[in-house]
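S.K.: If it helps, the file is called model_13.cif and holds mmCIF, C-alpha atoms:
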data_target
loop_
_atom_site.group_PDB
_atom_site.id
_atom_site.type_symbol
_atom_site.label_atom_id
_atom_site.label_comp_id
_atom_site.auth_asym_id
_atom_site.auth_seq_id
_atom_site.Cartn_x
_atom_site.Cartn_y
_atom_site.Cartn_z
ATOM 1 C CA MET B 1 -105.445 20.186 13.522
ATOM 2 C CA ASP B 2 -106.572 23.339 15.319
ATOM 3 C CA LYS B 3 -109.935 23.057 17.077
ATOM 4 C CA THR B 4 -110.931 26.558 15.971
ATOM 5 C CA PRO B 5 -113.980 26.521 13.700
ATOM 6 C CA ILE B 6 -113.628 28.380 10.411
ATOM 7 C CA ILE B 7 -117.170 27.666 9.218
ATOM 8 C CA THR B 8 -120.123 27.020 11.522
ATOM 9 C CA LEU B 9 -123.558 26.148 10.164
ATOM 10 C CA LYS B 10 -126.604 26.561 12.382
ATOM 11 C CA ASP B 11 -129.917 25.113 11.159
ATOM 12 C CA VAL B 12 -129.209 26.138 7.554
ATOM 13 C CA LYS B 13 -132.073 25.726 5.112
ATOM 14 C CA VAL B 14 -132.135 26.303 1.371
ATOM 15 C CA HIS B 15 -135.618 25.937 -0.121
ATOM 16 C CA PHE B 16 -136.636 26.588 -3.722
ATOM 17 C CA PRO B 17 -140.263 27.536 -4.531
ATOM 18 C CA GLN B 18 -142.036 25.133 -6.884
ATOM 19 C CA SER B 19 -145.366 26.108 -8.424
ATOM 20 C CA GLN B 20 -147.824 23.255 -8.934
ATOM 21 C CA GLY B 21 -151.095 24.686 -10.205
ATOM 22 C CA PHE B 22 -152.608 26.862 -7.501
ATOM 23 C CA LYS B 23 -150.443 25.257 -4.833
ATOM 24 C CA LYS B 24 -147.004 26.550 -3.997
ATOM 25 C CA LYS B 25 -144.594 23.956 -2.699
ATOM 26 C CA PHE B 26 -140.952 24.202 -1.717
ATOM 27 C CA LEU B 27 -138.134 21.919 -2.748
ATOM 28 C CA ARG B 28 -136.202 21.413 0.497
ATOM 29 C CA ALA B 29 -132.701 20.989 -0.933
ATOM 30 C CA VAL B 30 -131.103 21.678 2.461
ATOM 31 C CA ASP B 31 -133.399 21.351 5.432
ATOM 32 C CA GLY B 32 -131.841 22.240 8.781
ATOM 33 C CA VAL B 33 -128.110 21.452 8.635
ATOM 34 C CA SER B 34 -125.775 22.199 11.546
ATOM 35 C CA PHE B 35 -122.074 21.373 11.934
ATOM 36 C CA SER B 36 -118.657 23.053 12.140
ATOM 37 C CA ILE B 37 -115.515 22.842 10.019
ATOM 38 C CA TYR B 38 -112.274 23.362 11.908
ATOM 39 C CA GLN B 39 -108.985 24.986 10.921
ATOM 40 C CA GLY B 40 -106.734 22.667 8.936
ATOM 41 C CA GLU B 41 -109.116 19.731 8.454
ATOM 42 C CA THR B 42 -110.775 18.233 5.404
ATOM 43 C CA VAL B 43 -114.457 17.447 5.911
ATOM 44 C CA GLY B 44 -116.088 15.055 3.467
ATOM 45 C CA LEU B 45 -119.727 15.682 2.570
ATOM 46 C CA VAL B 46 -121.278 12.537 1.069
ATOM 47 C CA GLY B 47 -124.642 11.194 -0.025
ATOM 48 C CA GLU B 48 -126.659 10.248 -3.086
ATOM 49 C CA SER B 49 -127.121 12.657 -5.981
ATOM 50 C CA GLY B 50 -129.824 15.163 -5.090
ATOM 51 C CA CYS B 51 -129.300 15.022 -1.315
ATOM 52 C CA GLY B 52 -128.270 18.703 -1.144
ATOM 53 C CA LYS B 53 -124.458 18.476 -1.027
ATOM 54 C CA SER B 54 -123.678 20.961 -3.797
ATOM 55 C CA THR B 55 -126.472 23.298 -2.727
ATOM 56 C CA LEU B 56 -124.985 23.462 0.762
ATOM 57 C CA GLY B 57 -121.514 24.128 -0.664
ATOM 58 C CA LYS B 58 -122.833 26.982 -2.805
ATOM 59 C CA ALA B 59 -124.632 28.468 0.204
ATOM 60 C CA ILE B 60 -121.389 28.449 2.194
ATOM 61 C CA VAL B 61 -119.455 30.386 -0.467
ATOM 62 C CA GLY B 62 -122.361 32.789 -1.018
ATOM 63 C CA LEU B 63 -123.544 31.646 -4.447
ATOM 64 C CA LEU B 64 -126.934 30.807 -2.933
ATOM 65 C CA LYS B 65 -128.722 32.658 -0.182
ATOM 66 C CA PRO B 66 -130.000 30.461 2.665
ATOM 67 C CA THR B 67 -133.741 30.489 3.243
ATOM 68 C CA ALA B 68 -133.134 30.285 6.978
ATOM 69 C CA GLY B 69 -130.378 29.622 9.478
ATOM 70 C CA GLN B 70 -126.921 31.098 9.985
ATOM 71 C CA ILE B 71 -123.515 30.520 8.382
ATOM 72 C CA PHE B 72 -120.616 31.822 10.455
ATOM 73 C CA TYR B 73 -117.130 32.501 9.102
ATOM 74 C CA HIS B 74 -115.141 32.621 12.329
ATOM 75 C CA ASP B 75 -117.499 34.854 14.363
ATOM 76 C CA ASN B 76 -119.206 36.684 11.490
ATOM 77 C CA ASP B 77 -122.615 35.656 10.180
ATOM 78 C CA ILE B 78 -122.164 35.891 6.402
ATOM 79 C CA THR B 79 -125.918 36.111 5.847
ATOM 80 C CA LYS B 80 -125.801 39.557 7.485
ATOM 81 C CA LEU B 81 -122.574 40.941 6.012
ATOM 82 C CA LYS B 82 -122.622 44.241 4.157
ATOM 83 C CA LYS B 83 -121.416 44.309 0.552
ATOM 84 C CA ASP B 84 -117.823 45.388 1.288
ATOM 85 C CA ASP B 85 -117.448 42.857 4.103
ATOM 86 C CA PHE B 86 -118.901 40.127 1.917
ATOM 87 C CA VAL B 87 -116.298 40.844 -0.780
ATOM 88 C CA LYS B 88 -113.588 40.327 1.852
ATOM 89 C CA TYR B 89 -115.236 37.067 2.876
ATOM 90 C CA ARG B 90 -115.258 35.787 -0.715
ATOM 91 C CA LYS B 91 -111.507 36.414 -0.935
ATOM 92 C CA ASN B 92 -110.986 33.968 1.926
ATOM 93 C CA VAL B 93 -113.513 31.352 0.786
ATOM 94 C CA GLN B 94 -113.238 29.877 -2.710
ATOM 95 C CA MET B 95 -114.760 27.005 -4.691
ATOM 96 C CA ILE B 96 -113.517 24.372 -7.142
ATOM 97 C CA PHE B 97 -116.344 23.261 -9.429
ATOM 98 C CA GLN B 98 -117.321 19.814 -10.682
ATOM 99 C CA ASP B 99 -117.143 20.460 -14.424
ATOM 100 C CA PRO B 100 -113.853 22.246 -15.170
ATOM 101 C CA ALA B 101 -114.763 22.996 -18.798
ATOM 102 C CA ALA B 102 -118.093 24.614 -17.893
ATOM 103 C CA SER B 103 -116.547 26.690 -15.083
ATOM 104 C CA LEU B 104 -113.897 28.335 -17.322
ATOM 105 C CA ASN B 105 -114.658 31.196 -19.699
ATOM 106 C CA PRO B 106 -113.806 29.834 -23.193
ATOM 107 C CA ARG B 107 -113.115 33.351 -24.518
ATOM 108 C CA LEU B 108 -110.328 34.062 -22.039
ATOM 109 C CA LYS B 109 -106.786 32.789 -21.955
ATOM 110 C CA VAL B 110 -105.658 30.910 -18.853
ATOM 111 C CA SER B 111 -103.679 33.911 -17.583
ATOM 112 C CA GLN B 112 -106.791 36.095 -17.886
ATOM 113 C CA ILE B 113 -108.972 33.510 -16.103
ATOM 114 C CA VAL B 114 -106.604 33.323 -13.140
ATOM 115 C CA MET B 115 -106.049 37.092 -13.207
ATOM 116 C CA GLU B 116 -109.762 38.007 -13.110
ATOM 117 C CA SER B 117 -110.202 37.793 -9.356
ATOM 118 C CA LEU B 118 -107.057 39.878 -8.768
ATOM 119 C CA LEU B 119 -108.263 42.860 -10.796
ATOM 120 C CA LYS B 120 -110.573 44.310 -8.139
ATOM 121 C CA ASN B 121 -109.680 42.423 -4.984
ATOM 122 C CA VAL B 122 -105.920 42.908 -4.566
ATOM 123 C CA ASP B 123 -103.893 46.103 -4.219
ATOM 124 C CA MET B 124 -100.880 45.131 -6.344
ATOM 125 C CA SER B 125 -99.094 46.545 -9.354
ATOM 126 C CA LYS B 126 -99.826 45.106 -12.792
ATOM 127 C CA GLN B 127 -96.433 43.412 -12.903
ATOM 128 C CA GLU B 128 -96.884 41.886 -9.437
ATOM 129 C CA LYS B 129 -100.237 40.454 -10.490
ATOM 130 C CA LYS B 130 -98.709 38.926 -13.615
ATOM 131 C CA GLU B 131 -95.934 37.331 -11.567
ATOM 132 C CA LEU B 132 -98.436 35.943 -9.056
ATOM 133 C CA VAL B 133 -100.605 34.474 -11.835
ATOM 134 C CA LYS B 134 -97.538 32.889 -13.421
ATOM 135 C CA LYS B 135 -96.519 31.430 -10.040
ATOM 136 C CA MET B 136 -99.986 29.950 -9.388
ATOM 137 C CA ILE B 137 -100.166 28.359 -12.831
ATOM 138 C CA LYS B 138 -96.769 26.768 -12.248
ATOM 139 C CA THR B 139 -97.747 25.692 -8.717
ATOM 140 C CA VAL B 140 -100.662 23.593 -10.000
ATOM 141 C CA GLY B 141 -98.375 21.778 -12.445
ATOM 142 C CA LEU B 142 -99.132 23.430 -15.788
ATOM 143 C CA SER B 143 -96.481 24.099 -18.423
ATOM 144 C CA ASP B 144 -94.758 27.431 -19.050
ATOM 145 C CA ASP B 145 -96.820 28.078 -22.203
ATOM 146 C CA ALA B 146 -100.138 27.447 -20.419
ATOM 147 C CA PRO B 147 -100.890 31.135 -19.619
ATOM 148 C CA ASP B 148 -101.267 31.967 -23.320
ATOM 149 C CA LYS B 149 -103.589 29.058 -24.143
ATOM 150 C CA TYR B 150 -107.383 28.819 -24.086
ATOM 151 C CA PRO B 151 -109.326 26.260 -21.972
ATOM 152 C CA HIS B 152 -110.292 24.120 -24.983
ATOM 153 C CA GLU B 153 -106.602 23.429 -25.647
ATOM 154 C CA PHE B 154 -106.317 21.457 -22.385
ATOM 155 C CA SER B 155 -107.463 18.054 -21.187
ATOM 156 C CA GLY B 156 -110.048 17.738 -18.410
ATOM 157 C CA GLY B 157 -107.389 17.289 -15.740
ATOM 158 C CA GLN B 158 -105.437 20.318 -16.973
ATOM 159 C CA GLN B 159 -108.625 22.394 -17.032
ATOM 160 C CA GLN B 160 -109.260 21.450 -13.423
ATOM 161 C CA ARG B 161 -105.725 22.581 -12.582
ATOM 162 C CA VAL B 162 -106.641 25.966 -14.065
ATOM 163 C CA GLY B 163 -109.714 26.038 -11.818
ATOM 164 C CA ILE B 164 -107.551 25.220 -8.800
ATOM 165 C CA ALA B 165 -105.089 27.988 -9.702
ATOM 166 C CA ARG B 166 -107.989 30.442 -9.978
ATOM 167 C CA SER B 167 -109.292 29.474 -6.533
ATOM 168 C CA LEU B 168 -105.813 29.655 -5.000
ATOM 169 C CA VAL B 169 -104.613 32.996 -6.380
ATOM 170 C CA LEU B 170 -106.372 35.073 -3.699
ATOM 171 C CA ASN B 171 -104.673 33.028 -0.951
ATOM 172 C CA PRO B 172 -107.929 31.756 0.591
ATOM 173 C CA GLU B 173 -108.270 30.093 3.955
ATOM 174 C CA PHE B 174 -111.088 27.730 3.041
ATOM 175 C CA ILE B 175 -111.999 25.968 -0.228
ATOM 176 C CA VAL B 176 -115.152 24.056 -1.156
ATOM 177 C CA CYS B 177 -114.264 21.210 -3.541
ATOM 178 C CA ASP B 178 -117.550 20.359 -5.242
ATOM 179 C CA GLU B 179 -117.068 16.927 -6.859
ATOM 180 C CA ALA B 180 -113.677 18.232 -7.975
ATOM 181 C CA VAL B 181 -112.523 14.947 -9.539
ATOM 182 C CA SER B 182 -115.743 13.140 -10.499
ATOM 183 C CA ALA B 183 -115.581 14.277 -14.148
ATOM 184 C CA LEU B 184 -111.983 13.064 -14.597
ATOM 185 C CA ASP B 185 -110.389 9.763 -15.566
ATOM 186 C CA VAL B 186 -109.282 7.598 -12.639
ATOM 187 C CA SER B 187 -105.547 8.102 -13.256
ATOM 188 C CA VAL B 188 -106.052 11.871 -13.508
ATOM 189 C CA GLN B 189 -108.186 11.844 -10.358
ATOM 190 C CA ALA B 190 -105.214 10.538 -8.385
ATOM 191 C CA GLN B 191 -102.999 13.360 -9.675
ATOM 192 C CA ILE B 192 -105.537 16.057 -8.757
ATOM 193 C CA LEU B 193 -106.159 14.545 -5.311
ATOM 194 C CA ASN B 194 -102.432 14.468 -4.574
ATOM 195 C CA LEU B 195 -102.186 18.073 -5.756
ATOM 196 C CA LEU B 196 -104.986 19.117 -3.395
ATOM 197 C CA LEU B 197 -103.282 17.355 -0.480
ATOM 198 C CA GLN B 198 -99.981 19.064 -1.261
ATOM 199 C CA LEU B 199 -101.626 22.488 -1.569
ATOM 200 C CA LYS B 200 -103.390 21.960 1.746
ATOM 201 C CA LYS B 201 -100.026 21.374 3.394
ATOM 202 C CA ASP B 202 -98.200 24.216 1.613
ATOM 203 C CA TYR B 203 -100.908 26.867 2.033
ATOM 204 C CA ASN B 204 -102.498 25.744 5.324
ATOM 205 C CA LEU B 205 -105.880 25.230 3.670
ATOM 206 C CA THR B 206 -109.130 23.859 5.032
ATOM 207 C CA TYR B 207 -111.410 21.891 2.684
ATOM 208 C CA LEU B 208 -115.045 20.916 2.439
ATOM 209 C CA PHE B 209 -114.751 17.961 0.064
ATOM 210 C CA ILE B 210 -118.088 17.128 -1.574
ATOM 211 C CA SER B 211 -118.182 13.720 -3.222
ATOM 212 C CA HIS B 212 -120.199 10.558 -3.791
ATOM 213 C CA ASN B 213 -117.045 8.463 -4.137
ATOM 214 C CA LEU B 214 -116.442 7.051 -0.671
ATOM 215 C CA SER B 215 -113.065 5.564 -1.610
ATOM 216 C CA VAL B 216 -111.821 9.051 -2.481
ATOM 217 C CA VAL B 217 -113.376 10.489 0.676
ATOM 218 C CA LYS B 218 -111.581 7.897 2.809
ATOM 219 C CA HIS B 219 -108.282 8.916 1.217
ATOM 220 C CA MET B 220 -108.825 12.678 1.559
ATOM 221 C CA CYS B 221 -110.892 13.435 4.638
ATOM 222 C CA ASP B 222 -110.450 13.732 8.400
ATOM 223 C CA ARG B 223 -114.171 13.839 9.212
ATOM 224 C CA ILE B 224 -117.230 12.783 7.248
ATOM 225 C CA VAL B 225 -120.741 14.242 7.122
ATOM 226 C CA VAL B 226 -123.426 12.003 5.585
ATOM 227 C CA MET B 227 -126.495 13.712 4.084
ATOM 228 C CA TYR B 228 -129.830 12.262 3.042
ATOM 229 C CA LEU B 229 -132.653 14.294 1.520
ATOM 230 C CA GLY B 230 -131.354 17.642 2.788
ATOM 231 C CA LYS B 231 -130.577 16.495 6.335
ATOM 232 C CA ILE B 232 -127.526 15.139 8.139
ATOM 233 C CA VAL B 233 -127.877 11.522 9.243
ATOM 234 C CA GLU B 234 -124.355 10.913 10.559
ATOM 235 C CA ILE B 235 -121.168 12.806 11.439
ATOM 236 C CA GLY B 236 -117.929 11.267 12.610
ATOM 237 C CA SER B 237 -114.215 10.924 12.052
ATOM 238 C CA ARG B 238 -113.057 8.905 9.059
ATOM 239 C CA ASP B 239 -112.307 5.879 11.256
ATOM 240 C CA GLN B 240 -115.614 6.145 13.128
ATOM 241 C CA VAL B 241 -117.715 6.267 9.970
ATOM 242 C CA PHE B 242 -115.839 3.606 8.012
ATOM 243 C CA GLU B 243 -115.195 1.166 10.869
ATOM 244 C CA ASN B 244 -118.345 1.692 12.924
ATOM 245 C CA PRO B 245 -121.157 3.178 10.794
ATOM 246 C CA LEU B 246 -124.278 3.739 12.873
ATOM 247 C CA HIS B 247 -126.996 4.900 10.475
ATOM 248 C CA PRO B 248 -128.562 2.322 8.122
ATOM 249 C CA TYR B 249 -128.084 4.712 5.195
ATOM 250 C CA THR B 250 -124.364 5.057 5.925
ATOM 251 C CA LYS B 251 -124.060 1.272 6.135
ATOM 252 C CA ALA B 252 -125.751 0.953 2.736
ATOM 253 C CA LEU B 253 -123.416 3.517 1.167
ATOM 254 C CA LEU B 254 -120.330 1.768 2.531
ATOM 255 C CA SER B 255 -121.553 -1.636 1.378
ATOM 256 C CA ALA B 256 -121.762 -0.299 -2.185
ATOM 257 C CA ILE B 257 -118.024 0.509 -2.409
ATOM 258 C CA PRO B 258 -116.523 -1.723 -5.133
ATOM 259 C CA VAL B 259 -113.919 -4.254 -4.013
ATOM 260 C CA ALA B 260 -111.056 -5.089 -6.391
ATOM 261 C CA GLY B 261 -111.178 -8.616 -7.751
ATOM 262 C CA LYS B 262 -114.801 -9.270 -6.786
ATOM 263 C CA LYS B 263 -117.766 -8.977 -9.120
ATOM 264 C CA GLU B 264 -120.132 -8.348 -6.256
ATOM 265 C CA ARG B 265 -119.360 -7.410 -2.686
ATOM 266 C CA GLU B 266 -120.413 -9.796 0.055
ATOM 267 C CA ASN B 267 -123.006 -8.471 2.520
ATOM 268 C CA ARG B 268 -124.105 -5.845 -0.007
ATOM 269 C CA ILE B 269 -127.087 -3.853 1.290
ATOM 270 C CA VAL B 270 -129.566 -3.124 -1.497
ATOM 271 C CA LEU B 271 -132.043 -0.389 -0.651
ATOM 272 C CA THR B 272 -135.628 -0.879 -1.785
ATOM 273 C CA GLY B 273 -138.494 1.581 -1.999
ATOM 274 C CA ASP B 274 -138.695 4.935 -3.756
ATOM 275 C CA LEU B 275 -136.767 8.047 -2.833
ATOM 276 C CA PRO B 276 -139.279 10.516 -1.342
ATOM 277 C CA SER B 277 -139.864 13.795 -3.150
ATOM 278 C CA PRO B 278 -137.995 16.722 -1.535
ATOM 279 C CA THR B 279 -141.160 18.806 -2.008
ATOM 280 C CA ASP B 280 -143.226 16.568 0.268
ATOM 281 C CA VAL B 281 -143.499 17.066 4.015
ATOM 282 C CA ILE B 282 -142.438 13.706 5.434
ATOM 283 C CA GLU B 283 -143.740 12.409 8.725
ATOM 284 C CA GLY B 284 -141.231 10.527 10.797
ATOM 285 C CA CYS B 285 -137.746 9.653 9.577
ATOM 286 C CA ALA B 286 -137.149 10.632 5.925
ATOM 287 C CA PHE B 287 -135.365 7.304 5.353
ATOM 288 C CA HIS B 288 -138.027 5.041 6.872
ATOM 289 C CA ASN B 289 -139.589 3.836 3.584
ATOM 290 C CA ARG B 290 -136.194 2.547 2.355
ATOM 291 C CA CYS B 291 -134.749 1.440 5.677
ATOM 292 C CA TYR B 292 -134.145 -2.258 6.343
ATOM 293 C CA GLU B 293 -134.073 -1.596 10.125
ATOM 294 C CA CYS B 294 -137.286 0.438 10.237
ATOM 295 C CA CYS B 295 -139.612 0.146 13.239
ATOM 296 C CA GLU B 296 -143.082 1.610 13.915
ATOM 297 C CA GLU B 297 -141.619 4.593 15.750
ATOM 298 C CA CYS B 298 -139.624 5.561 12.646
ATOM 299 C CA ASN B 299 -142.888 6.221 10.770
ATOM 300 C CA VAL B 300 -144.035 8.929 13.151
ATOM 301 C CA LYS B 301 -140.964 10.311 14.931
ATOM 302 C CA CYS B 302 -138.255 12.382 13.253
ATOM 303 C CA PRO B 303 -134.972 11.558 15.015
ATOM 304 C CA GLU B 304 -132.635 14.310 16.180
ATOM 305 C CA LEU B 305 -128.879 14.223 15.642
ATOM 306 C CA ARG B 306 -127.356 12.869 18.876
ATOM 307 C CA GLU B 307 -123.833 12.103 20.048
ATOM 308 C CA VAL B 308 -123.332 8.372 20.553
ATOM 309 C CA GLU B 309 -119.604 8.549 21.278
ATOM 310 C CA PRO B 310 -117.189 11.511 21.387
ATOM 311 C CA GLY B 311 -117.359 13.224 17.998
ATOM 312 C CA HIS B 312 -119.701 10.604 16.498
ATOM 313 C CA PHE B 313 -123.270 11.781 15.857
ATOM 314 C CA VAL B 314 -126.188 9.911 14.315
ATOM 315 C CA SER B 315 -129.791 10.728 13.473
ATOM 316 C CA CYS B 316 -131.517 7.407 14.147
ATOM 317 C CA ILE B 317 -134.020 6.175 16.734
ATOM 318 C CA LYS B 318 -132.172 2.887 17.302
#
Could the structure of this file be written out as structure tokens, please?
M.R.:
Amino acid sequence: MDKTPIITLKDVKVHFPQSQGFKKKFLRAVDGVSFSIYQGETVGLVGESGCGKSTLGKAIVGLLKPTAGQIFYHDNDITKLKKDDFVKYRKNVQMIFQDPAASLNPRLKVSQIVMESLLKNVDMSKQEKKELVKKMIKTVGLSDDAPDKYPHEFSGGQQQRVGIARSLVLNPEFIVCDEAVSALDVSVQAQILNLLLQLKKDYNLTYLFISHNLSVVKHMCDRIVVMYLGKIVEIGSRDQVFENPLHPYTKALLSAIPVAGKKERENRIVLTGDLPSPTDVIEGCAFHNRCYECCEECNVKCPELREVEPGHFVSCIK
């Protein structure tokens, strides 16, 4: 793995205005996130539903505009790119969506769906584009008659293969996989995950793999970023996070992983308390009202992300 960052986030915030009577509040979906993604690695982004994972992924590919902060692609801040430069950036950064059926245009055939992004972004002849589309559809494991079919004629796994072909056809450098297998059956999940691993090797891809399934993340990822309520609470390599979790929230997530042959996992950590509203300004650590290791200082002091060991960061007072 090359230690050259492809994507660098610096204090990225994505806030959505929420009107409540005469008061205007902001939903802090992403609230000051900073980390880098390096060439050739797969970074897992995990956390509960609503923690800001998908919002952050959409901000990286340019589907959402950050409220504050900077997102660098190599050395270029994408938040300041002009229109033509941003189009070039989008060719190199693609996204695979959670719901394959909803992300595909039902009125277009598969060949047209995969072809769409080539129409304006690639200087190729019509025949060359057709050959490339045909190659991509075959590469993701679809049959020879797939180009002439519509999305509704495929299963969920096959639809996701169409989405992967669409994201791959522009030969991107970086792909955001937003819960790319969560809507699929378990057996189909394994096929899609193996496909993604093979494509990474064949096309020298870098992934941001967003998921709430920690078993899948352990299989796919080199490093793991744990988010809670719009903030990062822990970053580390796969081995560091799974073998030596430091944040109480990470420990709770890991303890919830099902174990084959057991009805209930031993040493299961059950979190109590209510999840704070992302529109509220929270004093102290955002996790303190659910934390089983909470101390008085946690109620008033917001911990900064600090490096505990090489490459292993945690946002916790203890």
S.K.: Of the candidates B:Phe35, B:Phe154, B:Phe86, B:Phe242, which one gets nearest to Leu208 of chain B if we count only C-alpha atoms?
M.R.: B:Phe35
S.K.: Translate the PyMOL selection byres ((chain B and resi 53) around 9), as applied to the file shown, into an explicit residue set as a list in words.
M.R.: Ala29, Val30, Leu45, Val46, Gly47, Glu48, Ser49, Gly50, Cys51, Gly52, Ser54, Thr55, Leu56, Gly57, Lys58, Asp178, Ile210, Ser211, Met227 and Gly230 of chain B
S.K.: Could you make a table, as CSV, of the residues of segment 42-99 of chain B that have an atom within 10 Å of an atom of segment 181-193 of chain B, each with its nearest atom pair and distance in Å to one decimal, counting only C-alpha atoms, in chain and number order?
M.R.:
residue,atom,partner,partner_atom,distance
B:Ile96,CA,B:Val181,CA,9.8
B:Phe97,CA,B:Val181,CA,9.2
B:Gln98,CA,B:Ala183,CA,6.8
B:Asp99,CA,B:Ala183,CA,6.4
S.K.: Using all atoms listed in the file, which residue out of B:Val162, B:Ile235, B:Ile6, B:Ala180 lies closest to Tyr150 of chain B?
M.R.: B:Val162
S.K.: Evaluate the PyMOL selection byres ((chain B and resi 16) around 7) here and jot the selected residues down as an MDAnalysis selection string.
M.R.: chainID B and resid 14:15 17:18 26:28
S.K.: Report the closest atom pair, with its distance in Å rounded to one decimal, for each residue of segment 179-278 of chain B that has an atom no farther than 12 Å from segment 125-144 of chain B; count all atoms listed in the file, sort by chain and then rising residue number, and write it as a Markdown table.
M.R.:
| residue | atom | partner | partner_atom | distance |
| --- | --- | --- | --- | --- |
| B:Gln191 | CA | B:Gly141 | CA | 10.0 |
| B:Ile192 | CA | B:Val140 | CA | 9.1 |
| B:Leu193 | CA | B:Val140 | CA | 11.6 |
| B:Asn194 | CA | B:Val140 | CA | 10.8 |
| B:Leu195 | CA | B:Val140 | CA | 7.1 |
| B:Leu196 | CA | B:Val140 | CA | 9.1 |
| B:Leu197 | CA | B:Val140 | CA | 11.7 |
| B:Gln198 | CA | B:Val140 | CA | 9.9 |
| B:Leu199 | CA | B:Val140 | CA | 8.6 |
| B:Asp202 | CA | B:Thr139 | CA | 10.4 |
| B:Tyr203 | CA | B:Thr139 | CA | 11.3 |
S.K.: How many Å separate atom CA of Val300 of chain B from atom CA of Arg268 of chain B?
M.R.: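 Going from atom CA of Val300 of chain B over to atom CA of Arg268 of chain B, I get 28.1 Å.
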S.K.: Determine the residue membership of the PyMOL selection byres ((chain B and resi 41-44) around 7) for the file above and supply it as a list of chain:residue names.
M.R.: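 Output from the PyMOL selection byres ((chain B and resi 41-44) around 7), applied to this file: B:Met1, B:Ile37, B:Tyr38, B:Gln39, B:Gly40, B:Leu45, B:Val46, B:Thr206, B:Tyr207, B:Leu208, B:Phe209, B:Ile210, B:Val217, B:Cys221, B:Asp222, B:Arg223, B:Ile224, B:Val225.
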S.K.: Closest to Gly69 of chain B among B:Pro100, B:Gly163, B:Gly32, B:Pro147, using only C-alpha atoms?
M.R.: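 Among the listed residues, the smallest separation from Gly69 of chain B belongs to B:Gly32.
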S.K.: Within 8 Å of Leu108 of chain B, counting only C-alpha atoms, which residues qualify if same-chain residues fewer than 4 places away don't, as a ChimeraX atom specification?
M.R.: /B:112-113,150-151
S.K.: Given the choices B:Glu173, B:Lys109, B:Val87, B:Ile164, which gets closest to Pro5 of chain B if the distance is worked out from only C-alpha atoms?
M.R.: B:Glu173
S.K.: Have a look at atom CA of Ser255 of chain B and atom CA of Thr279 of chain B and let me know their distance in Å, one decimal.
M.R.: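 If I compute the distance from atom CA of Ser255 of chain B to atom CA of Thr279 of chain B, I get 28.5 Å.
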S.K.: Nearest to Leu64 of chain B among B:Cys298, B:Ile282, B:Val12, B:Glu307, with distances taken over all atoms listed in the file: which residue is it?
M.R.: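 With all atoms listed in the file as the atom set, the closest residue is B:Val12.
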S.K.: Rounded to one decimal place, report the atom CA of Val226 of chain B-atom CA of Arg306 of chain B distance in Å.
M.R.: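 So the two atoms, atom CA of Val226 of chain B and atom CA of Arg306 of chain B, lie 13.9 Å apart.
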S.K.: Name the closest residue to Asp77 of chain B among the candidates B:Cys291, B:Val314, B:Ile7, B:Pro303; distances are taken between atoms, counting only C-alpha atoms.
M.R.: B:Ile7
S.K.: Show which residues sit within 6 Å of Ile175 of chain B, as a list of chain:residue names. Count all atoms listed in the file, and ignore same-chain residues fewer than 6 positions away.
M.R.: B:Val93, B:Gln94, B:Met95, B:Tyr207
S.K.: Please return the centre and edge lengths, in Å to one decimal, of a box with edges along x, y and z that contains all listed atoms of segment 178-193 of chain B, widened by 3 Å on every side, as JSON.
M.R.:
{"center_x": -110.3, "center_y": 14.0, "center_z": -10.4, "size_x": 20.6, "size_y": 18.8, "size_z": 16.3}
S.K.: For segment 4-13 of chain B, where the input has fewer atoms than it should, I would like N, CA and C atoms rebuilt and written as an mmCIF file, in the frame of the given file.
M.R.:
data_model
loop_
_atom_site.group_PDB
_atom_site.id
_atom_site.type_symbol
_atom_site.label_atom_id
_atom_site.label_comp_id
_atom_site.auth_asym_id
_atom_site.auth_seq_id
_atom_site.Cartn_x
_atom_site.Cartn_y
_atom_site.Cartn_z
ATOM 1 N N THR B 4 -110.276 25.262 16.144
ATOM 2 C CA THR B 4 -110.931 26.558 15.971
ATOM 3 C C THR B 4 -111.808 26.483 14.730
ATOM 4 N N PRO B 5 -113.119 26.639 14.882
ATOM 5 C CA PRO B 5 -113.980 26.521 13.700
ATOM 6 C C PRO B 5 -113.799 27.692 12.737
ATOM 7 N N ILE B 6 -113.647 27.354 11.457
ATOM 8 C CA ILE B 6 -113.628 28.380 10.411
ATOM 9 C C ILE B 6 -115.050 28.650 9.942
ATOM 10 N N ILE B 7 -115.786 27.573 9.679
ATOM 11 C CA ILE B 7 -117.170 27.666 9.218
ATOM 12 C C ILE B 7 -118.074 26.958 10.230
ATOM 13 N N THR B 8 -119.134 27.621 10.631
ATOM 14 C CA THR B 8 -120.123 27.020 11.522
ATOM 15 C C THR B 8 -121.510 27.209 10.919
ATOM 16 N N LEU B 9 -122.204 26.107 10.701
ATOM 17 C CA LEU B 9 -123.558 26.148 10.164
ATOM 18 C C LEU B 9 -124.551 25.890 11.285
ATOM 19 N N LYS B 10 -125.579 26.714 11.355
ATOM 20 C CA LYS B 10 -126.604 26.561 12.382
ATOM 21 C C LYS B 10 -127.985 26.526 11.733
ATOM 22 N N ASP B 11 -128.563 25.329 11.676
ATOM 23 C CA ASP B 11 -129.917 25.113 11.159
ATOM 24 C C ASP B 11 -130.116 25.768 9.790
ATOM 25 N N VAL B 12 -129.167 25.529 8.890
ATOM 26 C CA VAL B 12 -129.209 26.138 7.554
ATOM 27 C C VAL B 12 -130.243 25.433 6.683
ATOM 28 N N LYS B 13 -131.067 26.241 6.041
ATOM 29 C CA LYS B 13 -132.073 25.726 5.112
ATOM 30 C C LYS B 13 -131.968 26.467 3.794
#
